$ cat target.cif   # mmCIF, C-alpha atoms
data_coords
loop_
_atom_site.group_PDB
_atom_site.id
_atom_site.type_symbol
_atom_site.label_atom_id
_atom_site.label_comp_id
_atom_site.auth_asym_id
_atom_site.auth_seq_id
_atom_site.Cartn_x
_atom_site.Cartn_y
_atom_site.Cartn_z
ATOM 1 C CA MET A 1 93.930 -167.939 -65.545
ATOM 2 C CA PRO A 2 97.053 -169.357 -67.093
ATOM 3 C CA GLN A 3 97.217 -169.624 -70.831
ATOM 4 C CA GLU A 4 99.076 -172.342 -72.663
ATOM 5 C CA ARG A 5 100.781 -171.944 -75.959
ATOM 6 C CA ALA A 6 99.579 -174.463 -78.482
ATOM 7 C CA HIS A 7 101.935 -175.969 -81.013
ATOM 8 C CA GLY A 8 102.423 -174.188 -84.294
ATOM 9 C CA ARG A 9 100.917 -170.863 -85.141
ATOM 10 C CA ALA A 10 97.577 -171.252 -83.431
ATOM 11 C CA GLN A 11 97.557 -169.635 -80.048
ATOM 12 C CA TYR A 12 94.984 -170.206 -77.353
ATOM 13 C CA ARG A 13 93.580 -167.055 -75.892
ATOM 14 C CA MET A 14 91.214 -166.790 -72.986
ATOM 15 C CA THR A 15 89.019 -164.543 -75.066
ATOM 16 C CA ASP A 16 88.520 -167.360 -77.581
ATOM 17 C CA ASP A 17 86.653 -169.366 -74.977
ATOM 18 C CA LYS A 18 83.499 -167.272 -75.045
ATOM 19 C CA ASP A 19 81.310 -169.951 -73.514
ATOM 20 C CA VAL A 20 83.311 -169.889 -70.307
ATOM 21 C CA LEU A 21 83.355 -166.106 -70.252
ATOM 22 C CA ARG A 22 79.590 -166.002 -70.706
ATOM 23 C CA ASP A 23 79.041 -168.610 -67.993
ATOM 24 C CA VAL A 24 81.089 -166.569 -65.568
ATOM 25 C CA TRP A 25 79.394 -163.314 -66.543
ATOM 26 C CA PHE A 26 75.851 -164.649 -66.290
ATOM 27 C CA GLY A 27 76.256 -166.518 -63.006
ATOM 28 C CA ARG A 28 73.367 -165.623 -60.743
ATOM 29 C CA ILE A 29 72.366 -166.144 -57.109
ATOM 30 C CA PRO A 30 68.703 -166.134 -56.101
ATOM 31 C CA THR A 31 68.466 -164.007 -52.987
ATOM 32 C CA CYS A 32 65.900 -162.982 -50.393
ATOM 33 C CA PHE A 33 66.306 -159.713 -48.507
ATOM 34 C CA THR A 34 64.697 -159.205 -45.099
ATOM 35 C CA LEU A 35 64.720 -156.020 -43.021
ATOM 36 C CA TYR A 36 66.381 -156.383 -39.619
ATOM 37 C CA GLN A 37 63.598 -156.976 -37.112
ATOM 38 C CA ASP A 38 64.761 -154.353 -34.623
ATOM 39 C CA GLU A 39 64.549 -151.557 -37.145
ATOM 40 C CA ILE A 40 61.432 -149.592 -36.407
ATOM 41 C CA THR A 41 58.930 -149.487 -39.199
ATOM 42 C CA GLU A 42 55.602 -147.856 -39.685
ATOM 43 C CA ARG A 43 54.123 -151.078 -40.933
ATOM 44 C CA GLU A 44 55.199 -154.636 -41.549
ATOM 45 C CA ALA A 45 57.845 -154.996 -44.227
ATOM 46 C CA GLU A 46 57.485 -157.965 -46.504
ATOM 47 C CA PRO A 47 60.720 -159.689 -47.427
ATOM 48 C CA TYR A 48 61.916 -158.835 -50.909
ATOM 49 C CA TYR A 49 62.406 -161.895 -53.000
ATOM 50 C CA VAL A 50 64.904 -161.744 -55.774
ATOM 51 C CA SER A 51 63.595 -164.770 -57.586
ATOM 52 C CA MET A 52 64.729 -166.809 -60.529
ATOM 53 C CA THR A 53 62.200 -165.313 -62.865
ATOM 54 C CA LYS A 54 62.900 -161.712 -61.942
ATOM 55 C CA LEU A 55 66.143 -160.165 -60.789
ATOM 56 C CA LEU A 56 68.874 -162.525 -59.697
ATOM 57 C CA LEU A 57 72.022 -161.190 -58.090
ATOM 58 C CA PRO A 58 74.880 -161.254 -60.588
ATOM 59 C CA ARG A 59 77.915 -162.991 -59.122
ATOM 60 C CA ILE A 60 80.302 -160.564 -60.777
ATOM 61 C CA SER A 61 78.656 -157.383 -59.511
ATOM 62 C CA TYR A 62 78.550 -155.561 -56.164
ATOM 63 C CA LEU A 63 75.744 -155.513 -53.587
ATOM 64 C CA THR A 64 75.346 -151.755 -53.485
ATOM 65 C CA LEU A 65 75.209 -151.605 -57.280
ATOM 66 C CA VAL A 66 72.292 -153.981 -57.757
ATOM 67 C CA THR A 67 70.029 -153.328 -54.755
ATOM 68 C CA ASP A 68 68.347 -150.012 -55.565
ATOM 69 C CA LYS A 69 64.948 -151.719 -55.698
ATOM 70 C CA VAL A 70 65.586 -153.454 -52.388
ATOM 71 C CA LYS A 71 66.480 -150.135 -50.780
ATOM 72 C CA LYS A 72 63.370 -148.426 -52.159
ATOM 73 C CA HIS A 73 61.186 -151.316 -51.040
ATOM 74 C CA PHE A 74 62.233 -151.074 -47.403
ATOM 75 C CA GLN A 75 62.553 -147.308 -47.225
ATOM 76 C CA LYS A 76 58.838 -147.147 -47.981
ATOM 77 C CA VAL A 77 58.049 -148.657 -44.581
ATOM 78 C CA MET A 78 60.580 -146.693 -42.553
ATOM 79 C CA ARG A 79 60.373 -143.301 -40.994
ATOM 80 C CA GLN A 80 62.597 -140.878 -42.915
ATOM 81 C CA GLU A 81 64.609 -139.881 -39.872
ATOM 82 C CA GLU A 82 65.457 -143.513 -39.191
ATOM 83 C CA VAL A 83 67.063 -144.106 -42.553
ATOM 84 C CA SER A 84 70.763 -143.745 -43.120
ATOM 85 C CA GLU A 85 73.222 -145.725 -45.219
ATOM 86 C CA ILE A 86 72.057 -149.203 -46.186
ATOM 87 C CA TRP A 87 74.209 -152.178 -45.264
ATOM 88 C CA PHE A 88 73.821 -155.938 -45.520
ATOM 89 C CA GLU A 89 74.501 -158.787 -43.184
ATOM 90 C CA TYR A 90 74.361 -162.587 -43.326
ATOM 91 C CA GLU A 91 74.016 -164.544 -40.063
ATOM 92 C CA GLY A 92 75.547 -161.736 -38.062
ATOM 93 C CA THR A 93 78.429 -161.038 -40.429
ATOM 94 C CA PRO A 94 78.405 -157.648 -42.178
ATOM 95 C CA LEU A 95 78.817 -158.200 -45.906
ATOM 96 C CA LYS A 96 81.623 -156.217 -47.510
ATOM 97 C CA TRP A 97 79.998 -154.564 -50.499
ATOM 98 C CA HIS A 98 83.366 -154.095 -52.169
ATOM 99 C CA TYR A 99 83.753 -157.847 -52.592
ATOM 100 C CA PRO A 100 81.974 -159.304 -55.642
ATOM 101 C CA ILE A 101 78.622 -160.889 -54.795
ATOM 102 C CA GLY A 102 79.722 -164.336 -55.935
ATOM 103 C CA LEU A 103 82.725 -164.145 -53.623
ATOM 104 C CA LEU A 104 80.538 -163.133 -50.671
ATOM 105 C CA PHE A 105 78.217 -166.056 -51.338
ATOM 106 C CA ASP A 106 81.081 -168.559 -51.688
ATOM 107 C CA LEU A 107 82.724 -167.284 -48.494
ATOM 108 C CA HIS A 108 79.664 -167.132 -46.271
ATOM 109 C CA ALA A 109 76.763 -169.133 -47.643
ATOM 110 C CA SER A 110 77.867 -171.741 -50.149
ATOM 111 C CA ASN A 111 76.749 -174.606 -47.930
ATOM 112 C CA THR A 112 73.274 -173.299 -47.247
ATOM 113 C CA ALA A 113 70.104 -173.781 -49.246
ATOM 114 C CA LEU A 114 68.973 -171.234 -51.771
ATOM 115 C CA PRO A 115 67.643 -168.596 -51.835
ATOM 116 C CA TRP A 116 70.421 -166.798 -49.999
ATOM 117 C CA SER A 117 68.852 -164.899 -47.086
ATOM 118 C CA ILE A 118 70.412 -161.513 -46.513
ATOM 119 C CA THR A 119 69.392 -159.100 -43.743
ATOM 120 C CA VAL A 120 69.096 -155.414 -44.576
ATOM 121 C CA HIS A 121 70.025 -152.646 -42.122
ATOM 122 C CA PHE A 122 69.640 -148.886 -42.213
ATOM 123 C CA LYS A 123 71.054 -148.097 -38.793
ATOM 124 C CA ASN A 124 74.164 -148.756 -36.688
ATOM 125 C CA PHE A 125 76.564 -148.886 -39.613
ATOM 126 C CA PRO A 126 79.488 -151.148 -38.581
ATOM 127 C CA GLU A 127 82.365 -148.718 -39.112
ATOM 128 C CA LYS A 128 85.022 -151.253 -38.228
ATOM 129 C CA ASP A 129 83.853 -153.879 -40.694
ATOM 130 C CA LEU A 130 82.572 -152.078 -43.725
ATOM 131 C CA LEU A 131 83.644 -149.345 -46.103
ATOM 132 C CA HIS A 132 81.123 -146.606 -46.741
ATOM 133 C CA CYS A 133 79.359 -146.480 -50.079
ATOM 134 C CA HIS A 134 77.625 -143.140 -50.369
ATOM 135 C CA SER A 135 77.159 -143.242 -54.131
ATOM 136 C CA LYS A 136 77.693 -145.283 -57.281
ATOM 137 C CA ASP A 137 80.840 -143.226 -57.908
ATOM 138 C CA VAL A 138 82.452 -144.959 -54.955
ATOM 139 C CA ILE A 139 81.735 -148.379 -56.492
ATOM 140 C CA GLU A 140 83.059 -147.238 -59.854
ATOM 141 C CA ALA A 141 86.249 -145.901 -58.279
ATOM 142 C CA HIS A 142 86.784 -149.166 -56.408
ATOM 143 C CA PHE A 143 86.126 -151.280 -59.507
ATOM 144 C CA MET A 144 88.495 -149.224 -61.662
ATOM 145 C CA ALA A 145 91.175 -149.334 -58.973
ATOM 146 C CA CYS A 146 90.986 -153.163 -59.019
ATOM 147 C CA ILE A 147 91.283 -153.184 -62.815
ATOM 148 C CA LYS A 148 94.289 -150.858 -62.638
ATOM 149 C CA GLU A 149 95.948 -152.865 -59.914
ATOM 150 C CA ALA A 150 95.565 -156.049 -61.974
ATOM 151 C CA ASP A 151 96.959 -154.405 -65.091
ATOM 152 C CA ALA A 152 99.925 -153.109 -63.140
ATOM 153 C CA LEU A 153 100.817 -156.773 -62.681
ATOM 154 C CA LYS A 154 99.816 -158.019 -66.144
ATOM 155 C CA HIS A 155 101.125 -155.290 -68.409
ATOM 156 C CA LYS A 156 102.984 -152.848 -66.134
ATOM 157 C CA SER A 157 99.829 -150.692 -66.497
ATOM 158 C CA GLN A 158 100.595 -150.071 -70.186
ATOM 159 C CA VAL A 159 97.311 -151.345 -71.574
ATOM 160 C CA ILE A 160 95.050 -149.596 -69.076
ATOM 161 C CA ASN A 161 97.000 -146.327 -69.355
ATOM 162 C CA GLU A 162 96.891 -146.330 -73.161
ATOM 163 C CA MET A 163 93.110 -146.577 -73.105
ATOM 164 C CA GLN A 164 91.053 -143.456 -73.349
ATOM 165 C CA LYS A 165 88.760 -142.352 -70.563
ATOM 166 C CA LYS A 166 85.774 -143.403 -72.632
ATOM 167 C CA ASP A 167 87.108 -146.970 -72.717
ATOM 168 C CA HIS A 168 87.348 -147.004 -68.925
ATOM 169 C CA LYS A 169 83.797 -145.697 -68.813
ATOM 170 C CA GLN A 170 82.632 -148.405 -71.205
ATOM 171 C CA LEU A 171 84.121 -151.057 -68.953
ATOM 172 C CA TRP A 172 82.236 -149.684 -65.977
ATOM 173 C CA MET A 173 78.985 -149.152 -67.844
ATOM 174 C CA GLY A 174 79.190 -152.681 -69.201
ATOM 175 C CA LEU A 175 79.385 -154.023 -65.665
ATOM 176 C CA GLN A 176 76.754 -151.663 -64.282
ATOM 177 C CA ASN A 177 74.245 -152.401 -67.046
ATOM 178 C CA ASP A 178 75.042 -156.086 -67.398
ATOM 179 C CA LYS A 179 76.238 -155.754 -71.009
ATOM 180 C CA PHE A 180 78.592 -158.640 -71.746
ATOM 181 C CA GLU A 181 79.640 -157.542 -75.237
ATOM 182 C CA GLN A 182 80.136 -153.920 -74.218
ATOM 183 C CA PHE A 183 82.310 -154.991 -71.279
ATOM 184 C CA TRP A 184 84.404 -157.553 -73.114
ATOM 185 C CA ALA A 185 85.023 -155.273 -76.102
ATOM 186 C CA ILE A 186 87.356 -153.413 -73.749
ATOM 187 C CA ASN A 187 88.293 -156.136 -71.274
ATOM 188 C CA ARG A 188 89.674 -158.406 -73.984
ATOM 189 C CA LYS A 189 92.507 -155.902 -74.471
ATOM 190 C CA LEU A 190 93.344 -156.286 -70.784
ATOM 191 C CA MET A 191 93.301 -160.078 -71.143
ATOM 192 C CA GLU A 192 95.644 -160.297 -74.110
ATOM 193 C CA TYR A 193 99.370 -160.106 -74.483
ATOM 194 C CA PRO A 194 101.563 -159.549 -77.572
ATOM 195 C CA PRO A 195 102.398 -162.756 -79.478
ATOM 196 C CA GLU A 196 106.108 -162.261 -78.921
ATOM 197 C CA ASP A 197 105.599 -162.450 -75.146
ATOM 198 C CA ASN A 198 105.006 -165.752 -73.496
ATOM 199 C CA GLY A 199 102.144 -164.525 -71.398
ATOM 200 C CA PHE A 200 101.387 -161.892 -68.829
ATOM 201 C CA ARG A 201 104.257 -160.452 -66.884
ATOM 202 C CA TYR A 202 102.581 -161.657 -63.737
ATOM 203 C CA ILE A 203 99.173 -163.170 -63.155
ATOM 204 C CA PRO A 204 97.177 -161.362 -60.504
ATOM 205 C CA PHE A 205 94.938 -163.356 -58.231
ATOM 206 C CA ARG A 206 93.543 -163.102 -54.743
ATOM 207 C CA ILE A 207 92.892 -165.818 -52.234
ATOM 208 C CA TYR A 208 90.150 -165.194 -49.721
ATOM 209 C CA GLN A 209 90.057 -167.200 -46.525
ATOM 210 C CA HIS A 210 86.918 -167.322 -44.479
ATOM 211 C CA TYR A 211 88.242 -167.336 -40.953
ATOM 212 C CA GLY A 212 91.106 -165.064 -40.049
ATOM 213 C CA LYS A 213 92.622 -162.500 -42.369
ATOM 214 C CA THR A 214 91.012 -162.189 -45.736
ATOM 215 C CA ALA A 215 92.613 -161.366 -49.006
ATOM 216 C CA CYS A 216 96.172 -161.882 -50.057
ATOM 217 C CA SER A 217 97.012 -160.803 -53.581
ATOM 218 C CA SER A 218 99.803 -162.715 -55.132
ATOM 219 C CA LEU A 219 102.277 -162.717 -57.935
ATOM 220 C CA LEU A 220 102.417 -165.731 -60.138
ATOM 221 C CA ASP A 221 105.256 -165.797 -62.588
ATOM 222 C CA PRO A 222 103.872 -167.539 -65.665
ATOM 223 C CA MET B 1 106.388 -134.570 -45.560
ATOM 224 C CA ARG B 2 109.999 -134.145 -44.566
ATOM 225 C CA THR B 3 110.401 -137.664 -43.317
ATOM 226 C CA LYS B 4 109.801 -139.729 -46.408
ATOM 227 C CA LYS B 5 110.904 -143.147 -45.246
ATOM 228 C CA TRP B 6 108.851 -144.982 -42.676
ATOM 229 C CA ALA B 7 108.931 -148.505 -41.305
ATOM 230 C CA VAL B 8 105.367 -149.764 -41.271
ATOM 231 C CA GLU B 9 104.131 -153.084 -39.947
ATOM 232 C CA ARG B 10 102.783 -155.450 -42.614
ATOM 233 C CA THR B 11 99.282 -155.576 -41.244
ATOM 234 C CA ARG B 12 98.749 -151.820 -41.340
ATOM 235 C CA THR B 13 95.929 -151.006 -43.725
ATOM 236 C CA ILE B 14 95.836 -148.198 -46.254
ATOM 237 C CA GLN B 15 93.115 -146.575 -44.139
ATOM 238 C CA GLY B 16 95.483 -146.756 -41.174
ATOM 239 C CA LEU B 17 98.144 -144.986 -43.238
ATOM 240 C CA VAL B 18 95.673 -142.328 -44.355
ATOM 241 C CA ASP B 19 94.696 -141.648 -40.737
ATOM 242 C CA PHE B 20 98.335 -141.447 -39.712
ATOM 243 C CA ILE B 21 99.371 -139.104 -42.525
ATOM 244 C CA LYS B 22 96.377 -136.861 -41.895
ATOM 245 C CA LYS B 23 97.372 -136.510 -38.241
ATOM 246 C CA PHE B 24 101.029 -136.016 -39.166
ATOM 247 C CA LEU B 25 100.234 -133.292 -41.688
ATOM 248 C CA LYS B 26 97.619 -131.820 -39.338
ATOM 249 C CA LEU B 27 94.851 -132.205 -41.880
ATOM 250 C CA MET B 28 91.234 -132.091 -40.824
ATOM 251 C CA ALA B 29 89.400 -135.391 -40.603
ATOM 252 C CA SER B 30 86.963 -134.151 -43.217
ATOM 253 C CA GLU B 31 89.720 -133.478 -45.742
ATOM 254 C CA GLN B 32 90.335 -136.197 -48.285
ATOM 255 C CA LEU B 33 93.644 -137.947 -48.772
ATOM 256 C CA PHE B 34 94.392 -140.337 -51.630
ATOM 257 C CA ILE B 35 97.180 -142.878 -51.684
ATOM 258 C CA TYR B 36 98.583 -144.360 -54.884
ATOM 259 C CA VAL B 37 100.805 -147.293 -55.779
ATOM 260 C CA ASN B 38 103.098 -147.067 -58.833
ATOM 261 C CA GLN B 39 101.509 -143.692 -59.560
ATOM 262 C CA SER B 40 98.762 -145.697 -61.226
ATOM 263 C CA PHE B 41 96.106 -147.009 -58.842
ATOM 264 C CA ALA B 42 94.578 -146.293 -55.475
ATOM 265 C CA PRO B 43 94.404 -149.465 -53.356
ATOM 266 C CA SER B 44 91.301 -150.252 -51.338
ATOM 267 C CA PRO B 45 91.376 -148.766 -47.798
ATOM 268 C CA ASP B 46 91.265 -152.213 -46.194
ATOM 269 C CA GLN B 47 94.246 -153.555 -48.102
ATOM 270 C CA GLU B 48 97.283 -154.390 -46.023
ATOM 271 C CA VAL B 49 100.593 -152.729 -46.704
ATOM 272 C CA GLY B 50 102.385 -156.079 -46.501
ATOM 273 C CA THR B 51 100.400 -157.518 -49.400
ATOM 274 C CA LEU B 52 101.036 -154.436 -51.524
ATOM 275 C CA TYR B 53 104.726 -154.629 -50.734
ATOM 276 C CA GLU B 54 104.886 -158.248 -51.874
ATOM 277 C CA CYS B 55 103.316 -157.403 -55.215
ATOM 278 C CA PHE B 56 104.650 -153.922 -55.879
ATOM 279 C CA GLY B 57 107.655 -153.395 -53.648
ATOM 280 C CA SER B 58 111.258 -153.237 -54.812
ATOM 281 C CA ASP B 59 114.662 -152.501 -53.281
ATOM 282 C CA GLY B 60 113.232 -153.343 -49.898
ATOM 283 C CA LYS B 61 110.554 -150.670 -49.968
ATOM 284 C CA LEU B 62 107.076 -149.849 -51.144
ATOM 285 C CA VAL B 63 106.757 -146.420 -52.716
ATOM 286 C CA LEU B 64 103.439 -144.684 -52.159
ATOM 287 C CA HIS B 65 102.298 -141.272 -53.299
ATOM 288 C CA TYR B 66 99.768 -139.249 -51.350
ATOM 289 C CA CYS B 67 97.595 -136.461 -52.637
ATOM 290 C CA LYS B 68 94.766 -134.299 -51.340
ATOM 291 C CA THR B 69 93.019 -134.464 -54.691
ATOM 292 C CA GLN B 70 92.559 -137.363 -57.082
ATOM 293 C CA ALA B 71 95.644 -137.774 -59.223
ATOM 294 C CA TRP B 72 95.846 -141.103 -60.995
ATOM 295 C CA GLY B 73 92.613 -142.710 -59.865
#
$ encode --input "target.cif" --output "structure tokens"
Amino acid sequence: MPQERAHGRAQYRMTDDKDVLRDVWFGRIPTCFTLYQDEITEREAEPYYVSMTKLLLPRISYLTLVTDKVKKHFQKVMRQEEVSEIWFEYEGTPLKWHYPIGLLFDLHASNTALPWSITVHFKNFPEKDLLHCHSKDVIEAHFMACIKEADALKHKSQVINEMQKKDHKQLWMGLQNDKFEQFWAINRKLMEYPPEDNGFRYIPFRIYQHYGKTACSSLLDP
Amino acid sequence: MRTKKWAVERTRTIQGLVDFIKKFLKLMASEQLFIYVNQSFAPSPDQEVGTLYECFGSDGKLVLHYCKTQAWG
């Protein structure tokens, strides 16, 4: 997000606008998960409702990070030998877990009524469409790679490289455990620039198109 | 790798590069290979080389480092 320099000494910083940051962080999508009907089960599997009063899907998180309970719920009704890596699909389209949940919703389901209905699969993993996600470490590695890629554009990687490993860990734990303050204590350093500079070196952003090729990262010279 | 400079089509993904390098270096499919940009981050396997070049290329080329173990990630 571009930042404008106010007149005089006062300088607007994105991190000053905490209301917006909190709104973005706490965005939620009510979701219903249903097991794919062709997957053989020992007994009927009830759909798992992620309702407004319980656990909503955080827009800023990743599907495989927030669906442990969903996985456990459906694995209970499946035969052990039938279960392999979980994957999600909406209206026939495999959902890329490495895209943030909010992005997936906006791309695929923004025009449909809530709750968002996602189908759960444990078989026939679509190798051509999805990356594997065998553990939380894979999600963490992907998340940190995105942070590093963005900082390469914002600060020539200086800020992220000067941080200690524990700071990187705090960033990840903040996201994983939904801790706004913990996350932003570190992220604010990545969202600031020295007063003598006029802004970030470049502003990283990605545009996702629904049909045809997906992402294209871009450079924006402030 | 003796040949260090390659012409790669823009739409080739990082995963495509990994598969190619593994075959070229005669690595086993089960062996891991990591690719880094700017010696600072590992791009997602589905990212296209063309996009990375636009953001991180210079002097008409994109410099990537490969490693069998995690280096900068």
$ atom_distance --input "target.cif" --atom1 "CA of Leu52 in chain B" --atom2 "CA of Phe143 in chain A"
17.2 Å
$ interface_residues --input "target.cif" --of "chain B" --to "chain A" --cutoff "9 Å" --atoms "only C-alpha atoms" --output "PDB file with C-alpha atoms, in the coordinates of the input"
ATOM      1  CA  VAL B  37     100.805-147.293 -55.779  1.00  0.00           C
ATOM      2  CA  ASN B  38     103.098-147.067 -58.833  1.00  0.00           C
ATOM      3  CA  SER B  40      98.762-145.697 -61.226  1.00  0.00           C
ATOM      4  CA  PHE B  41      96.106-147.009 -58.842  1.00  0.00           C
ATOM      5  CA  ALA B  42      94.578-146.293 -55.475  1.00  0.00           C
ATOM      6  CA  PRO B  43      94.404-149.465 -53.356  1.00  0.00           C
ATOM      7  CA  SER B  44      91.301-150.252 -51.338  1.00  0.00           C
ATOM      8  CA  PRO B  45      91.376-148.766 -47.798  1.00  0.00           C
ATOM      9  CA  ASP B  46      91.265-152.213 -46.194  1.00  0.00           C
ATOM     10  CA  GLN B  47      94.246-153.555 -48.102  1.00  0.00           C
ATOM     11  CA  GLU B  48      97.283-154.390 -46.023  1.00  0.00           C
ATOM     12  CA  THR B  51     100.400-157.518 -49.400  1.00  0.00           C
ATOM     13  CA  LEU B  52     101.036-154.436 -51.524  1.00  0.00           C
ATOM     14  CA  GLU B  54     104.886-158.248 -51.874  1.00  0.00           C
ATOM     15  CA  CYS B  55     103.316-157.403 -55.215  1.00  0.00           C
ATOM     16  CA  PHE B  56     104.650-153.922 -55.879  1.00  0.00           C
ATOM     17  CA  GLY B  73      92.613-142.710 -59.865  1.00  0.00           C
TER      18      GLY B  73
END
$ resolve_selection --input "target.cif" --expression "the PyMOL selection byres ((chain B and resi 11-23) around 8)" --output "PyMOL selection string"
chain B and resi 8-10+24-29+33-35+43-50
$ residues_around --input "target.cif" --residues "Asn187 in chain A" --least-positions-apart "3" --cutoff "12 Å" --atoms "only C-alpha atoms" --output "PDB file with C-alpha atoms, in the coordinates of the input"
ATOM      1  CA  MET A  14      91.214-166.790 -72.986  1.00  0.00           C
ATOM      2  CA  THR A  15      89.019-164.543 -75.066  1.00  0.00           C
ATOM      3  CA  LEU A  21      83.355-166.106 -70.252  1.00  0.00           C
ATOM      4  CA  MET A 144      88.495-149.224 -61.662  1.00  0.00           C
ATOM      5  CA  ILE A 147      91.283-153.184 -62.815  1.00  0.00           C
ATOM      6  CA  LYS A 148      94.289-150.858 -62.638  1.00  0.00           C
ATOM      7  CA  ALA A 150      95.565-156.049 -61.974  1.00  0.00           C
ATOM      8  CA  ASP A 151      96.959-154.405 -65.091  1.00  0.00           C
ATOM      9  CA  VAL A 159      97.311-151.345 -71.574  1.00  0.00           C
ATOM     10  CA  ILE A 160      95.050-149.596 -69.076  1.00  0.00           C
ATOM     11  CA  MET A 163      93.110-146.577 -73.105  1.00  0.00           C
ATOM     12  CA  ASP A 167      87.108-146.970 -72.717  1.00  0.00           C
ATOM     13  CA  HIS A 168      87.348-147.004 -68.925  1.00  0.00           C
ATOM     14  CA  LYS A 169      83.797-145.697 -68.813  1.00  0.00           C
ATOM     15  CA  GLN A 170      82.632-148.405 -71.205  1.00  0.00           C
ATOM     16  CA  LEU A 171      84.121-151.057 -68.953  1.00  0.00           C
ATOM     17  CA  TRP A 172      82.236-149.684 -65.977  1.00  0.00           C
ATOM     18  CA  GLY A 174      79.190-152.681 -69.201  1.00  0.00           C
ATOM     19  CA  LEU A 175      79.385-154.023 -65.665  1.00  0.00           C
ATOM     20  CA  PHE A 180      78.592-158.640 -71.746  1.00  0.00           C
ATOM     21  CA  GLU A 181      79.640-157.542 -75.237  1.00  0.00           C
ATOM     22  CA  GLN A 182      80.136-153.920 -74.218  1.00  0.00           C
ATOM     23  CA  PHE A 183      82.310-154.991 -71.279  1.00  0.00           C
ATOM     24  CA  TRP A 184      84.404-157.553 -73.114  1.00  0.00           C
ATOM     25  CA  LEU A 190      93.344-156.286 -70.784  1.00  0.00           C
ATOM     26  CA  MET A 191      93.301-160.078 -71.143  1.00  0.00           C
ATOM     27  CA  GLU A 192      95.644-160.297 -74.110  1.00  0.00           C
TER      28      GLU A 192
END
$ resolve_selection --input "target.cif" --expression "the PyMOL selection byres ((chain A and resi 105-111) around 12)" --output "VMD selection string"
chain A and resid 27 to 31 57 to 63 89 to 97 99 to 104 112 to 118 207 to 211 214 to 215
$ atom_distance --input "target.cif" --atom1 "CA of Ser84 in chain A" --atom2 "CA of Lys123 in chain A"
6.1 Å
$ atom_distance --input "target.cif" --atom1 "CA of Arg201 in chain A" --atom2 "CA of His65 in chain B"
23.6 Å
$ residues_around --input "target.cif" --residues "Val70 in chain A" --least-positions-apart "3" --cutoff "8 Å" --atoms "only C-alpha atoms" --output "list in words"
Phe33, Tyr48, Thr67, His73 and Phe74 of chain A
$ closest_residue --input "target.cif" --among "B:Tyr53, B:Ala7, B:Gln39, B:Gln32" --to "Lys68 in chain B" --atoms "all atoms listed in the file"
B:Gln32
$ axis_aligned_box --input "target.cif" --around "range 22-37 of chain B" --padding-each-side "3 Å" --output "AutoDock Vina command-line options"
--center_x 94.0 --center_y -139.6 --center_z -47.0 --size_x 20.1 --size_y 21.5 --size_z 23.5
$ decode --input "target.cif" --residues "range 35-72 of chain B" --atoms "C-alpha atoms" --output "PDB file, in the first residue's frame"
ATOM      1  CA  ILE B  35      16.506 -22.915  -5.758  1.00  0.00           C
ATOM      2  CA  TYR B  36      17.167 -19.402  -4.483  1.00  0.00           C
ATOM      3  CA  VAL B  37      16.793 -15.893  -5.857  1.00  0.00           C
ATOM      4  CA  ASN B  38      19.216 -13.153  -4.738  1.00  0.00           C
ATOM      5  CA  GLN B  39      20.718 -15.699  -2.348  1.00  0.00           C
ATOM      6  CA  SER B  40      17.876 -14.736  -0.036  1.00  0.00           C
ATOM      7  CA  PHE B  41      14.605 -16.549  -0.727  1.00  0.00           C
ATOM      8  CA  ALA B  42      13.280 -19.719  -2.268  1.00  0.00           C
ATOM      9  CA  PRO B  43      10.412 -18.968  -4.676  1.00  0.00           C
ATOM     10  CA  SER B  44       7.303 -21.125  -4.684  1.00  0.00           C
ATOM     11  CA  PRO B  45       7.547 -24.129  -7.063  1.00  0.00           C
ATOM     12  CA  ASP B  46       4.652 -22.866  -9.183  1.00  0.00           C
ATOM     13  CA  GLN B  47       6.149 -19.440  -9.771  1.00  0.00           C
ATOM     14  CA  GLU B  48       7.080 -18.648 -13.342  1.00  0.00           C
ATOM     15  CA  VAL B  49      10.620 -17.743 -14.249  1.00  0.00           C
ATOM     16  CA  GLY B  50       9.400 -14.811 -16.342  1.00  0.00           C
ATOM     17  CA  THR B  51       7.763 -13.131 -13.357  1.00  0.00           C
ATOM     18  CA  LEU B  52      10.875 -13.599 -11.233  1.00  0.00           C
ATOM     19  CA  TYR B  53      13.004 -12.159 -14.003  1.00  0.00           C
ATOM     20  CA  GLU B  54      10.831  -9.051 -14.198  1.00  0.00           C
ATOM     21  CA  CYS B  55      11.190  -8.406 -10.484  1.00  0.00           C
ATOM     22  CA  PHE B  56      14.696  -9.652  -9.781  1.00  0.00           C
ATOM     23  CA  GLY B  57      16.530  -9.854 -13.080  1.00  0.00           C
ATOM     24  CA  SER B  58      19.321  -7.544 -14.190  1.00  0.00           C
ATOM     25  CA  ASP B  59      21.737  -7.282 -17.118  1.00  0.00           C
ATOM     26  CA  GLY B  60      19.373  -9.396 -19.152  1.00  0.00           C
ATOM     27  CA  LYS B  61      19.494 -12.391 -16.841  1.00  0.00           C
ATOM     28  CA  LEU B  62      18.043 -13.914 -13.723  1.00  0.00           C
ATOM     29  CA  VAL B  63      20.631 -15.390 -11.387  1.00  0.00           C
ATOM     30  CA  LEU B  64      19.513 -18.446  -9.453  1.00  0.00           C
ATOM     31  CA  HIS B  65      21.438 -20.559  -6.989  1.00  0.00           C
ATOM     32  CA  TYR B  66      20.711 -24.237  -6.503  1.00  0.00           C
ATOM     33  CA  CYS B  67      21.544 -26.353  -3.507  1.00  0.00           C
ATOM     34  CA  LYS B  68      20.873 -29.884  -2.308  1.00  0.00           C
ATOM     35  CA  THR B  69      20.403 -28.659   1.239  1.00  0.00           C
ATOM     36  CA  GLN B  70      18.628 -25.589   2.564  1.00  0.00           C
ATOM     37  CA  ALA B  71      20.909 -22.585   2.351  1.00  0.00           C
ATOM     38  CA  TRP B  72      19.122 -19.277   2.700  1.00  0.00           C
TER      39      TRP B  72
END
